[in-house]
file coords-v9.tsv (TSV, C-alpha atoms)
chain	number	residue	atom	x	y	z
A	704	MET	CA	78.44	73.61	118.45
A	705	GLN	CA	75.07	73.08	116.79
A	706	GLN	CA	74.63	74.44	113.28
A	707	ARG	CA	72.22	77.11	114.46
A	708	ALA	CA	74.66	78.36	117.08
A	709	LYS	CA	77.45	78.36	114.49
A	710	ASP	CA	75.30	80.38	112.08
A	711	THR	CA	74.52	82.93	114.80
A	712	ARG	CA	78.19	83.19	115.75
A	713	LEU	CA	79.17	83.82	112.13
A	714	ALA	CA	76.36	86.40	111.71
A	715	VAL	CA	77.67	88.25	114.76
A	716	ILE	CA	81.25	88.16	113.41
A	717	GLU	CA	80.13	89.42	110.01
A	718	GLY	CA	78.02	92.20	111.55
A	719	ALA	CA	80.93	93.17	113.77
A	720	ALA	CA	83.32	93.14	110.81
A	721	ARG	CA	81.06	95.52	108.88
A	722	VAL	CA	80.80	97.92	111.82
A	723	PHE	CA	84.57	97.80	112.54
A	724	ALA	CA	85.35	98.29	108.83
A	725	GLU	CA	83.16	101.38	108.69
A	726	ILE	CA	83.85	103.20	111.96
A	727	GLY	CA	86.85	101.47	113.55
A	728	TYR	CA	87.34	99.74	116.88
A	729	GLY	CA	87.19	102.80	119.12
A	730	ASN	CA	83.90	104.11	117.76
A	731	ALA	CA	82.05	100.78	117.52
A	732	SER	CA	79.58	99.72	120.23
A	733	LEU	CA	78.08	96.31	120.94
A	734	ALA	CA	74.67	97.90	120.29
A	735	ASP	CA	75.77	98.86	116.74
A	736	ILE	CA	76.96	95.31	116.21
A	737	THR	CA	73.81	93.49	117.41
A	738	LYS	CA	71.76	95.83	115.24
A	739	ARG	CA	73.91	95.19	112.16
A	740	ALA	CA	74.08	91.43	112.78
A	741	GLY	CA	70.32	91.23	113.31
A	742	VAL	CA	70.71	89.33	116.59
A	743	THR	CA	69.67	90.00	120.18
A	744	LYS	CA	72.07	91.21	122.86
A	745	GLY	CA	71.61	87.81	124.53
A	746	ALA	CA	72.66	85.98	121.37
A	747	LEU	CA	75.79	88.14	121.09
A	748	TYR	CA	76.71	87.61	124.76
A	749	PHE	CA	76.19	83.86	124.38
A	750	HIS	CA	79.21	83.85	122.05
A	751	PHE	CA	81.29	86.91	123.03
A	752	THR	CA	81.83	88.65	126.35
A	753	SER	CA	83.44	91.89	125.12
A	754	LYS	CA	84.16	94.10	122.13
A	755	ARG	CA	87.80	93.07	122.34
A	756	GLU	CA	86.91	89.37	122.12
A	757	LEU	CA	84.75	90.13	119.08
A	758	ALA	CA	87.56	92.07	117.42
A	759	LEU	CA	89.96	89.16	117.94
A	760	ALA	CA	87.35	86.79	116.46
A	761	VAL	CA	86.98	89.01	113.37
A	762	ILE	CA	90.77	89.03	112.87
A	763	ASP	CA	90.89	85.21	113.26
A	764	GLU	CA	87.98	84.68	110.87
A	765	GLN	CA	89.52	87.06	108.31
A	766	HIS	CA	92.87	85.33	108.47
A	767	ALA	CA	91.25	81.87	108.19
A	768	MET	CA	89.19	83.04	105.20
A	769	VAL	CA	92.14	84.44	103.24
A	770	LEU	CA	94.37	81.47	104.20
A	771	ALA	CA	91.68	79.05	102.92
A	772	ALA	CA	91.50	80.87	99.56
A	773	GLY	CA	95.31	80.93	99.59
A	774	SER	CA	95.58	77.17	100.17
A	775	GLU	CA	93.63	76.49	96.97
A	776	ILE	CA	96.04	78.67	95.02
A	777	VAL	CA	99.09	77.04	96.63
A	778	ALA	CA	97.69	73.53	95.94
A	779	ALA	CA	96.95	74.28	92.27
A	780	SER	CA	99.29	73.24	89.50
A	781	ALA	CA	101.29	76.32	88.51
A	782	PRO	CA	104.86	77.65	88.87
A	783	ALA	CA	105.58	78.87	92.41
A	784	LEU	CA	106.19	82.47	91.33
A	785	GLU	CA	102.85	82.53	89.50
A	786	LYS	CA	101.14	81.27	92.68
A	787	LEU	CA	102.69	84.11	94.68
A	788	ILE	CA	101.37	86.69	92.23
A	789	ARG	CA	97.91	85.07	92.30
A	790	LEU	CA	97.91	85.09	96.13
A	791	CYS	CA	98.45	88.85	96.15
A	792	ARG	CA	95.69	89.44	93.59
A	793	MET	CA	93.30	87.17	95.52
A	794	PHE	CA	93.98	89.11	98.74
A	795	GLY	CA	93.40	92.39	96.91
A	796	GLN	CA	90.11	91.11	95.50
A	797	GLN	CA	88.98	89.94	98.95
A	798	LEU	CA	89.74	93.42	100.30
A	799	LEU	CA	87.26	94.74	97.73
A	800	ASP	CA	84.58	92.04	98.14
A	801	GLU	CA	84.57	90.61	101.66
A	802	PRO	CA	83.31	92.59	104.67
A	803	ILE	CA	85.07	90.18	107.05
A	804	VAL	CA	88.39	90.86	105.30
A	805	GLN	CA	87.79	94.63	105.31
A	806	GLY	CA	86.96	94.54	109.02
A	807	GLY	CA	89.84	92.22	109.89
A	808	ILE	CA	92.43	94.33	108.10
A	809	ARG	CA	91.24	97.57	109.66
A	810	LEU	CA	91.38	95.90	113.08
A	811	THR	CA	94.87	94.56	112.34
A	812	PHE	CA	96.09	98.13	111.77
A	813	GLU	CA	94.26	99.32	114.90
A	814	ALA	CA	95.34	96.32	117.00
A	815	SER	CA	97.36	98.42	119.43
A	816	ALA	CA	94.07	100.01	120.55
A	817	PHE	CA	92.97	96.69	122.11
A	818	GLN	CA	96.36	95.17	122.95
A	819	ALA	CA	96.22	92.43	120.33
A	820	ASP	CA	99.32	90.69	119.03
A	821	VAL	CA	98.84	90.52	115.25
A	822	SER	CA	102.29	89.19	114.40
A	823	GLY	CA	100.87	85.69	113.69
A	824	PRO	CA	99.08	86.51	110.40
A	825	TYR	CA	102.12	88.45	109.11
A	826	GLU	CA	104.39	85.51	109.98
A	827	ASP	CA	102.05	83.02	108.27
A	828	TRP	CA	102.14	85.00	105.04
A	829	ILE	CA	105.89	85.58	105.22
A	830	ASN	CA	106.40	81.80	105.66
A	831	THR	CA	104.09	81.00	102.75
A	832	ALA	CA	105.92	83.48	100.52
A	833	GLU	CA	109.31	82.17	101.64
A	834	GLN	CA	108.39	78.58	100.73
A	835	LEU	CA	107.10	79.59	97.31
A	836	LEU	CA	110.21	81.70	96.64
A	837	ALA	CA	112.46	78.80	97.68
A	838	GLN	CA	110.60	76.60	95.15
A	839	ALA	CA	110.96	79.29	92.51
A	840	THR	CA	114.73	79.40	92.97
A	841	THR	CA	114.76	75.61	92.46
A	842	ASP	CA	112.54	75.61	89.37
A	843	GLY	CA	114.69	78.33	87.81
A	844	THR	CA	112.13	81.15	87.49
A	845	VAL	CA	113.93	83.15	90.17
A	846	ARG	CA	117.69	83.78	90.45
A	847	THR	CA	119.40	81.08	92.50
A	848	ASP	CA	121.23	83.50	94.82
A	849	LEU	CA	118.01	85.12	96.07
A	850	ASP	CA	117.50	85.15	99.86
A	851	PRO	CA	113.91	83.81	100.05
A	852	ALA	CA	113.42	84.85	103.71
A	853	ALA	CA	114.53	88.45	103.14
A	854	PHE	CA	112.50	88.82	99.95
A	855	ALA	CA	109.41	87.23	101.54
A	856	ARG	CA	109.58	89.74	104.37
A	857	TYR	CA	109.94	92.58	101.88
A	858	LEU	CA	107.05	91.28	99.74
A	859	ILE	CA	104.59	91.00	102.64
A	860	ALA	CA	105.63	94.40	104.03
A	861	SER	CA	105.27	96.01	100.59
A	862	PHE	CA	101.88	94.39	100.03
A	863	THR	CA	100.74	95.67	103.43
A	864	GLY	CA	101.81	99.20	102.57
A	865	VAL	CA	100.42	99.10	99.03
A	866	GLN	CA	96.92	98.15	100.17
A	867	MET	CA	97.06	100.55	103.11
A	868	VAL	CA	98.10	103.57	101.03
A	869	SER	CA	95.52	102.62	98.39
A	870	ASP	CA	92.91	102.73	101.16
A	871	VAL	CA	94.09	106.13	102.46
A	872	LEU	CA	94.36	107.78	99.03
A	873	THR	CA	91.58	106.15	96.97
A	874	ALA	CA	89.39	104.11	99.40
A	875	ARG	CA	90.94	101.04	97.66
A	876	GLU	CA	89.66	102.02	94.22
A	877	ASP	CA	93.10	101.46	92.69
A	878	VAL	CA	94.23	98.54	94.87
A	879	LEU	CA	94.37	95.91	92.10
A	880	LEU	CA	96.27	98.24	89.77
A	881	ARG	CA	98.77	99.06	92.55
A	882	ILE	CA	99.29	95.35	93.32
A	883	ASP	CA	100.02	94.71	89.64
A	884	GLN	CA	102.46	97.64	89.57
A	885	MET	CA	104.13	96.27	92.72
A	886	TRP	CA	104.80	93.01	90.90
A	887	GLU	CA	106.03	94.80	87.80
A	888	PHE	CA	108.61	96.61	89.97
A	889	MET	CA	109.49	93.48	91.97
A	890	LEU	CA	110.10	91.06	89.13
A	891	PRO	CA	113.45	92.53	87.98
A	892	ALA	CA	114.91	91.85	91.47
A	893	LEU	CA	113.76	88.23	91.24
A	894	THR	CA	114.62	87.34	87.69
A	895	ALA	CA	117.91	89.17	87.04
A	896	GLY	CA	120.39	86.58	85.80
A	897	THR	CA	117.84	83.85	85.01
A	898	SER	CA	117.03	82.74	81.47
A	899	GLU	CA	113.72	84.68	81.54
H	801	MET	CA	103.15	133.74	120.12
H	802	GLN	CA	105.71	134.59	122.79
H	803	GLN	CA	108.69	132.29	123.12
H	804	ARG	CA	107.48	130.97	126.46
H	805	ALA	CA	104.05	130.08	125.05
H	806	LYS	CA	105.75	128.41	122.07
H	807	ASP	CA	107.94	126.37	124.40
H	808	THR	CA	104.91	125.25	126.41
H	809	ARG	CA	103.03	124.31	123.25
H	810	LEU	CA	105.95	122.22	122.03
H	811	ALA	CA	106.33	120.56	125.45
H	812	VAL	CA	102.65	119.59	125.35
H	813	ILE	CA	103.00	118.20	121.80
H	814	GLU	CA	106.08	116.22	122.77
H	815	GLY	CA	104.43	114.85	125.92
H	816	ALA	CA	101.34	113.93	123.89
H	817	ALA	CA	103.48	112.25	121.22
H	818	ARG	CA	105.18	110.08	123.86
H	819	VAL	CA	101.86	109.04	125.37
H	820	PHE	CA	100.25	108.35	121.97
H	821	ALA	CA	103.33	106.38	120.85
H	822	GLU	CA	103.16	104.18	123.93
H	823	ILE	CA	99.46	103.52	124.42
H	824	GLY	CA	97.70	104.78	121.28
H	825	TYR	CA	94.98	107.35	120.73
H	826	GLY	CA	92.09	105.45	122.29
H	827	ASN	CA	93.82	104.72	125.58
H	828	ALA	CA	95.46	108.14	126.09
H	829	SER	CA	93.88	110.72	128.41
H	830	LEU	CA	94.57	114.44	128.71
H	831	ALA	CA	95.59	113.75	132.33
H	832	ASP	CA	98.31	111.33	131.09
H	833	ILE	CA	99.51	114.00	128.68
H	834	THR	CA	99.71	116.93	131.14
H	835	LYS	CA	101.61	114.65	133.52
H	836	ARG	CA	104.07	113.52	130.83
H	837	ALA	CA	104.51	117.06	129.48
H	838	GLY	CA	105.04	118.49	132.97
H	839	VAL	CA	102.45	121.22	132.43
H	840	THR	CA	99.21	122.18	134.17
H	841	LYS	CA	95.79	121.36	132.77
H	842	GLY	CA	95.30	125.10	132.28
H	843	ALA	CA	98.46	125.33	130.16
H	844	LEU	CA	97.29	122.45	127.99
H	845	TYR	CA	93.83	123.94	127.51
H	846	PHE	CA	95.37	127.30	126.62
H	847	HIS	CA	96.75	125.64	123.48
H	848	PHE	CA	94.44	122.68	122.76
H	849	THR	CA	90.75	122.12	123.37
H	850	SER	CA	90.55	118.35	122.84
H	851	LYS	CA	92.52	115.11	122.49
H	852	ARG	CA	91.67	115.09	118.79
H	853	GLU	CA	93.16	118.57	118.30
H	854	LEU	CA	96.31	117.45	120.11
H	855	ALA	CA	96.57	114.33	117.93
H	856	LEU	CA	96.30	116.45	114.78
H	857	ALA	CA	99.01	118.78	116.14
H	858	VAL	CA	101.33	115.82	116.79
H	859	ILE	CA	100.83	114.57	113.21
H	860	ASP	CA	101.50	118.09	111.83
H	861	GLU	CA	104.60	118.52	113.97
H	862	GLN	CA	105.90	115.07	113.00
H	863	HIS	CA	105.39	115.74	109.31
H	864	ALA	CA	107.03	119.20	109.57
H	865	MET	CA	109.99	117.68	111.44
H	866	VAL	CA	110.65	114.93	108.89
H	867	LEU	CA	110.03	117.29	105.95
H	868	ALA	CA	112.58	119.74	107.39
H	869	ALA	CA	115.22	117.02	107.68
H	870	GLY	CA	114.20	115.90	104.18
H	871	SER	CA	114.66	119.40	102.72
H	872	GLU	CA	118.29	119.41	103.81
H	873	ILE	CA	118.88	116.12	102.03
H	874	VAL	CA	117.06	117.29	98.89
H	875	ALA	CA	119.05	120.58	98.86
H	876	ALA	CA	122.42	118.84	99.25
H	877	SER	CA	124.68	118.15	96.32
H	878	ALA	CA	124.21	114.48	95.39
H	879	PRO	CA	122.61	112.43	92.61
H	880	ALA	CA	118.79	112.36	92.90
H	881	LEU	CA	118.65	108.59	93.42
H	882	GLU	CA	121.16	108.86	96.25
H	883	LYS	CA	119.01	111.56	97.86
H	884	LEU	CA	115.98	109.30	97.73
H	885	ILE	CA	117.85	106.49	99.48
H	886	ARG	CA	119.12	108.94	102.12
H	887	LEU	CA	115.58	110.25	102.71
H	888	CYS	CA	114.36	106.74	103.54
H	889	ARG	CA	117.27	106.10	105.91
H	890	MET	CA	116.74	109.46	107.62
H	891	PHE	CA	113.03	108.67	108.14
H	892	GLY	CA	113.96	105.25	109.54
H	893	GLN	CA	116.47	106.84	111.93
H	894	GLN	CA	113.89	109.39	113.10
H	895	LEU	CA	111.47	106.54	113.80
H	896	LEU	CA	114.11	105.15	116.18
H	897	ASP	CA	115.17	108.46	117.77
H	898	GLU	CA	112.32	110.98	117.81
H	899	PRO	CA	109.32	110.61	120.13
H	900	ILE	CA	107.33	113.10	118.01
H	901	VAL	CA	107.91	110.96	114.92
H	902	GLN	CA	107.00	107.75	116.78
H	903	GLY	CA	103.80	109.35	118.07
H	904	GLY	CA	102.91	110.93	114.73
H	905	ILE	CA	103.32	107.68	112.80
H	906	ARG	CA	101.26	105.66	115.27
H	907	LEU	CA	98.54	108.31	115.07
H	908	THR	CA	98.70	108.29	111.27
H	909	PHE	CA	97.90	104.54	111.30
H	910	GLU	CA	95.14	105.08	113.87
H	911	ALA	CA	93.78	108.20	112.14
H	912	SER	CA	90.42	106.60	111.37
H	913	ALA	CA	89.76	106.52	115.13
H	914	PHE	CA	89.56	110.32	115.22
H	915	GLN	CA	88.34	111.05	111.69
H	916	ALA	CA	91.57	112.61	110.48
H	917	ASP	CA	92.48	112.84	106.80
H	918	VAL	CA	96.13	111.78	106.62
H	919	SER	CA	96.42	111.72	102.84
H	920	GLY	CA	98.42	115.00	102.83
H	921	PRO	CA	101.67	113.62	104.27
H	922	TYR	CA	101.54	110.58	101.94
H	923	GLU	CA	100.99	112.88	98.95
H	924	ASP	CA	103.86	115.17	99.98
H	925	TRP	CA	106.29	112.24	100.11
H	926	ILE	CA	104.99	110.75	96.86
H	927	ASN	CA	105.51	114.13	95.14
H	928	THR	CA	109.02	114.48	96.56
H	929	ALA	CA	109.91	110.97	95.40
H	930	GLU	CA	108.39	111.58	91.97
H	931	GLN	CA	110.47	114.74	91.44
H	932	LEU	CA	113.68	112.99	92.47
H	933	LEU	CA	112.90	110.01	90.23
H	934	ALA	CA	112.18	112.33	87.30
H	935	GLN	CA	115.61	113.94	87.88
H	936	ALA	CA	117.21	110.51	88.08
H	937	THR	CA	115.78	109.52	84.69
H	938	THR	CA	117.29	112.73	83.27
H	939	ASP	CA	120.72	112.29	84.86
H	940	GLY	CA	120.87	108.71	83.58
H	941	THR	CA	121.05	106.77	86.88
H	942	VAL	CA	117.54	105.41	86.32
H	943	ARG	CA	116.14	103.89	83.12
H	944	THR	CA	114.55	106.55	80.88
H	945	ASP	CA	111.26	104.67	80.39
H	946	LEU	CA	110.48	104.57	84.13
H	947	ASP	CA	107.09	106.01	85.17
H	948	PRO	CA	108.21	108.28	88.05
H	949	ALA	CA	104.66	108.75	89.41
H	950	ALA	CA	103.89	105.02	89.56
H	951	PHE	CA	107.26	104.15	91.09
H	952	ALA	CA	107.02	106.99	93.62
H	953	ARG	CA	103.65	105.69	94.77
H	954	TYR	CA	105.08	102.18	95.06
H	955	LEU	CA	108.14	103.40	96.95
H	956	ILE	CA	106.18	105.36	99.56
H	957	ALA	CA	103.68	102.50	100.00
H	958	SER	CA	106.50	99.97	100.38
H	959	PHE	CA	108.33	102.17	102.85
H	960	THR	CA	105.13	102.54	104.89
H	961	GLY	CA	104.66	98.76	105.00
H	962	VAL	CA	108.32	98.02	105.71
H	963	GLN	CA	108.43	100.24	108.78
H	964	MET	CA	104.99	99.09	109.94
H	965	VAL	CA	105.81	95.37	109.71
H	966	SER	CA	109.19	96.02	111.37
H	967	ASP	CA	107.26	97.62	114.24
H	968	VAL	CA	104.80	94.70	114.53
H	969	LEU	CA	107.44	91.96	114.34
H	970	THR	CA	110.51	93.48	116.04
H	971	ALA	CA	109.40	96.75	117.72
H	972	ARG	CA	111.47	98.46	114.93
H	973	GLU	CA	114.71	96.76	115.97
H	974	ASP	CA	115.39	95.74	112.34
H	975	VAL	CA	113.90	98.81	110.62
H	976	LEU	CA	117.18	100.17	109.17
H	977	LEU	CA	118.18	96.73	107.87
H	978	ARG	CA	114.75	96.26	106.25
H	979	ILE	CA	114.94	99.70	104.61
H	980	ASP	CA	118.33	98.80	103.13
H	981	GLN	CA	116.95	95.46	101.89
H	982	MET	CA	114.00	97.31	100.35
H	983	TRP	CA	116.43	99.41	98.32
H	984	GLU	CA	118.48	96.38	97.34
H	985	PHE	CA	115.30	94.80	95.91
H	986	MET	CA	114.11	98.04	94.29
H	987	LEU	CA	117.26	99.04	92.47
H	988	PRO	CA	117.05	96.40	89.70
H	989	ALA	CA	113.65	97.81	88.64
H	990	LEU	CA	115.16	101.28	88.42
H	991	THR	CA	118.48	100.62	86.77
H	992	ALA	CA	117.72	97.83	84.26
H	993	GLY	CA	118.96	99.01	80.88
H	994	THR	CA	121.10	101.89	82.16
H	995	SER	CA	124.88	101.88	81.97
H	996	GLU	CA	125.18	101.16	85.74
call {"tool": "encode", "arguments": {"input": "coords-v9.tsv", "output": "structure tokens"}}
result
Amino acid sequence: MQQRAKDTRLAVIEGAARVFAEIGYGNASLADITKRAGVTKGALYFHFTSKRELALAVIDEQHAMVLAAGSEIVAASAPALEKLIRLCRMFGQQLLDEPIVQGGIRLTFEASAFQADVSGPYEDWINTAEQLLAQATTDGTVRTDLDPAAFARYLIASFTGVQMVSDVLTAREDVLLRIDQMWEFMLPALTAGTSE
Amino acid sequence: MQQRAKDTRLAVIEGAARVFAEIGYGNASLADITKRAGVTKGALYFHFTSKRELALAVIDEQHAMVLAAGSEIVAASAPALEKLIRLCRMFGQQLLDEPIVQGGIRLTFEASAFQADVSGPYEDWINTAEQLLAQATTDGTVRTDLDPAAFARYLIASFTGVQMVSDVLTAREDVLLRIDQMWEFMLPALTAGTSE
């Protein structure tokens, strides 16, 4: 794709993400989205044939964006447990700052409305967490008898609920505080019996 | 309301809950619901004027149903921490068994699609958990320096995420197992420093 076409595609995705984040899948129209993206109907239809296709593209773009920021954290030099905590904070910050992430997460919760399978992103994060937890049991910051798969599943599920309930009760105002509290309450299960 | 009218109203709510649980708010029609409830259009319109009103009634009925089962557990004679664990298991079981609960929870996640404020049920459960945790700090099963409000918020958020991710990844097949694992990972944060 030429750069100009790529730019237009991304503008459409970002406009769509903002509209979906604000009013949800069911209430959004393609007219709202072209208006918000500042593109013509023709430009939108050049890239996307339906609202559903656009919603799937927003979810993909959101997941790619958070995974990219996550890869930097995973590649950095730090203990595995520290990386896991940083990943959660990064995701929380992106929920506050990035319209594409706000739109993608709202669409992920509403995915049943447009028959989308959103298990992939959950599985990616559970796998990432499992690998980091396995490293942490090896480097001794986490108890050696921890089941990394079970805890990873619990961590990603908890994180999902924490940010969702923060959205329902405070429009995400307290999301970073609640993520920090989540870790405070999780650490004893991880470190019991280690030298820490 | 006469008993017969009450029965019809409940049949409509249960039919609606089944339809909403299966295909979601956006895809459900009042025709689907009358068919599933086995009532006439006239009977439905006698009680409800719109799909939105029906969705709100399903959420109310679901919350009342789980609260009622919860009240029995809270009133029983058992340590407060044990009651809290039983409440979570009961909710998990109702998610497997009760169409009204399945419909109500799906609608709660989709609530933005019909501009419903669903903070009330979350707050009710957070308050219930906070009171039980405060009792548990007094009866010595939970560490005395625990912040019951912060932990209650974390517990309800975690529970929400655990059952949601179980639904996305396994259609709730593993929900009871994941609730038990959640408690296994939560207990160390609660009991550290007590005599247990």
call {"tool": "closest_atom_pairs", "arguments": {"input": "coords-v9.tsv", "of": "chain H", "to": "chain A", "cutoff": "8 Å", "atoms": "all atoms listed in the file", "output": "tab-separated table"}}
result
residue	atom	partner	partner_atom	distance
H:Ile823	CA	A:Ser815	CA	7.4
H:Gly824	CA	A:Ala816	CA	6.0
H:Tyr825	CA	A:Ala816	CA	7.4
H:Gly826	CA	A:Ala816	CA	6.0
H:Asn827	CA	A:Ala816	CA	6.9
H:Phe909	CA	A:Phe812	CA	6.7
H:Glu910	CA	A:Glu813	CA	5.9
H:Ser912	CA	A:Gly727	CA	6.6
H:Ala913	CA	A:Gly729	CA	6.0
H:Val918	CA	A:Val871	CA	7.3
H:Ser919	CA	A:Leu872	CA	5.9
H:Tyr922	CA	A:Val868	CA	7.9
H:Ala950	CA	A:Gln884	CA	7.5
H:Phe951	CA	A:Phe888	CA	7.7
H:Tyr954	CA	A:Met885	CA	6.4
H:Ala957	CA	A:Gly864	CA	4.6
H:Ser958	CA	A:Ser861	CA	4.2
H:Phe959	CA	A:Gly864	CA	7.2
H:Thr960	CA	A:Gly864	CA	5.2
H:Gly961	CA	A:Gly864	CA	3.8
H:Val962	CA	A:Ala860	CA	4.8
H:Met964	CA	A:Ala860	CA	7.6
H:Val965	CA	A:Ala860	CA	5.8
H:Val968	CA	A:Ser822	CA	6.1
H:Leu969	CA	A:Ser822	CA	5.8
H:Arg978	CA	A:Tyr857	CA	7.5
H:Gln981	CA	A:Ala853	CA	7.5
H:Met982	CA	A:Tyr857	CA	6.4
H:Phe985	CA	A:Ala892	CA	5.3
H:Met986	CA	A:Ala892	CA	6.8
H:Leu987	CA	A:Ala892	CA	7.6
H:Pro988	CA	A:Ala892	CA	5.3
H:Ala989	CA	A:Pro891	CA	5.3
H:Ala992	CA	A:Pro891	CA	7.8
call {"tool": "residues_around", "arguments": {"input": "coords-v9.tsv", "residues": "Gln834 in chain A", "least_positions_apart": "4", "cutoff": "12 Å", "atoms": "all atoms listed in the file", "output": "count of residues only"}}
result
20
call {"tool": "closest_residue", "arguments": {"input": "coords-v9.tsv", "among": "H:Leu830, H:Ala929, H:Gln902, H:Pro921", "to": "Leu867 in chain H", "atoms": "only C-alpha atoms"}}
result
H:Pro921
call {"tool": "atom_distance", "arguments": {"input": "coords-v9.tsv", "atom1": "CA of Gly842 in chain H", "atom2": "CA of Val812 in chain H"}}
result
11.5 Å
call {"tool": "atom_distance", "arguments": {"input": "coords-v9.tsv", "atom1": "CA of Lys738 in chain A", "atom2": "CA of Gln706 in chain A"}}
result
21.7 Å
call {"tool": "residues_around", "arguments": {"input": "coords-v9.tsv", "residues": "Met793 in chain A", "least_positions_apart": "6", "cutoff": "12 Å", "atoms": "all atoms listed in the file", "output": "PyMOL selection string"}}
result
chain A and resi 768-777+786-787+799-801+804+878-879+882-883
call {"tool": "atom_distance", "arguments": {"input": "coords-v9.tsv", "atom1": "CA of Arg836 in chain H", "atom2": "CA of Gln894 in chain H"}}
result
20.7 Å
call {"tool": "residues_near_point", "arguments": {"input": "coords-v9.tsv", "point": "(77.4, 91.1, 120.4)", "cutoff": "7 Å", "atoms": "all atoms listed in the file", "output": "JSON, numbers by chain"}}
result
{"A": [715, 733, 736, 737, 744, 747, 748, 751]}
call {"tool": "axis_aligned_box", "arguments": {"input": "coords-v9.tsv", "around": "range 874-882 of chain H", "padding_each_side": "3 Å", "output": "lines of an AutoDock Vina configuration file"}}
result
center_x = 120.9
center_y = 114.6
center_z = 95.9
size_x = 13.6
size_y = 18.0
size_z = 12.6
call {"tool": "closest_residue", "arguments": {"input": "coords-v9.tsv", "among": "A:Ala874, A:Ala819, A:Leu798, A:Val722", "to": "Arg755 in chain A", "atoms": "all atoms listed in the file"}}
result
A:Ala819
call {"tool": "build_atoms", "arguments": {"input": "coords-v9.tsv", "residues": "range 728-744 of chain A", "atoms": "N, CA and C atoms", "output": "PDB file, in the coordinates of the input"}}
result
ATOM      1  N   TYR A 728      87.534 100.375 115.579  1.00  0.00           N
ATOM      2  CA  TYR A 728      87.340  99.740 116.880  1.00  0.00           C
ATOM      3  C   TYR A 728      86.827 100.721 117.939  1.00  0.00           C
ATOM      4  N   GLY A 729      87.490 101.870 118.041  1.00  0.00           N
ATOM      5  CA  GLY A 729      87.190 102.800 119.120  1.00  0.00           C
ATOM      6  C   GLY A 729      85.773 103.336 119.087  1.00  0.00           C
ATOM      7  N   ASN A 730      85.228 103.516 117.886  1.00  0.00           N
ATOM      8  CA  ASN A 730      83.900 104.110 117.760  1.00  0.00           C
ATOM      9  C   ASN A 730      82.764 103.093 117.767  1.00  0.00           C
ATOM     10  N   ALA A 731      83.098 101.808 117.623  1.00  0.00           N
ATOM     11  CA  ALA A 731      82.050 100.780 117.520  1.00  0.00           C
ATOM     12  C   ALA A 731      81.498 100.428 118.897  1.00  0.00           C
ATOM     13  N   SER A 732      80.196 100.186 118.972  1.00  0.00           N
ATOM     14  CA  SER A 732      79.580  99.720 120.230  1.00  0.00           C
ATOM     15  C   SER A 732      78.928  98.362 119.990  1.00  0.00           C
ATOM     16  N   LEU A 733      78.748  97.604 121.075  1.00  0.00           N
ATOM     17  CA  LEU A 733      78.080  96.310 120.940  1.00  0.00           C
ATOM     18  C   LEU A 733      76.641  96.493 120.452  1.00  0.00           C
ATOM     19  N   ALA A 734      76.026  97.632 120.779  1.00  0.00           N
ATOM     20  CA  ALA A 734      74.670  97.900 120.290  1.00  0.00           C
ATOM     21  C   ALA A 734      74.656  98.041 118.763  1.00  0.00           C
ATOM     22  N   ASP A 735      75.652  98.762 118.214  1.00  0.00           N
ATOM     23  CA  ASP A 735      75.770  98.860 116.740  1.00  0.00           C
ATOM     24  C   ASP A 735      75.865  97.475 116.134  1.00  0.00           C
ATOM     25  N   ILE A 736      76.646  96.613 116.799  1.00  0.00           N
ATOM     26  CA  ILE A 736      76.960  95.310 116.210  1.00  0.00           C
ATOM     27  C   ILE A 736      75.744  94.373 116.246  1.00  0.00           C
ATOM     28  N   THR A 737      75.014  94.332 117.379  1.00  0.00           N
ATOM     29  CA  THR A 737      73.810  93.490 117.410  1.00  0.00           C
ATOM     30  C   THR A 737      72.818  93.955 116.349  1.00  0.00           C
ATOM     31  N   LYS A 738      72.686  95.265 116.228  1.00  0.00           N
ATOM     32  CA  LYS A 738      71.760  95.830 115.240  1.00  0.00           C
ATOM     33  C   LYS A 738      72.160  95.371 113.826  1.00  0.00           C
ATOM     34  N   ARG A 739      73.451  95.545 113.499  1.00  0.00           N
ATOM     35  CA  ARG A 739      73.910  95.190 112.160  1.00  0.00           C
ATOM     36  C   ARG A 739      73.833  93.687 111.903  1.00  0.00           C
ATOM     37  N   ALA A 740      74.101  92.885 112.957  1.00  0.00           N
ATOM     38  CA  ALA A 740      74.080  91.430 112.780  1.00  0.00           C
ATOM     39  C   ALA A 740      72.645  90.894 112.792  1.00  0.00           C
ATOM     40  N   GLY A 741      71.697  91.704 113.224  1.00  0.00           N
ATOM     41  CA  GLY A 741      70.320  91.230 113.310  1.00  0.00           C
ATOM     42  C   GLY A 741      70.140  90.164 114.375  1.00  0.00           C
ATOM     43  N   VAL A 742      70.846  90.296 115.489  1.00  0.00           N
ATOM     44  CA  VAL A 742      70.710  89.330 116.590  1.00  0.00           C
ATOM     45  C   VAL A 742      70.386  90.103 117.885  1.00  0.00           C
ATOM     46  N   THR A 743      69.936  89.367 118.887  1.00  0.00           N
ATOM     47  CA  THR A 743      69.670  90.000 120.180  1.00  0.00           C
ATOM     48  C   THR A 743      70.966  90.156 120.965  1.00  0.00           C
ATOM     49  N   LYS A 744      70.933  91.032 121.954  1.00  0.00           N
ATOM     50  CA  LYS A 744      72.070  91.210 122.860  1.00  0.00           C
ATOM     51  C   LYS A 744      72.426  89.876 123.507  1.00  0.00           C
TER      52      LYS A 744
END
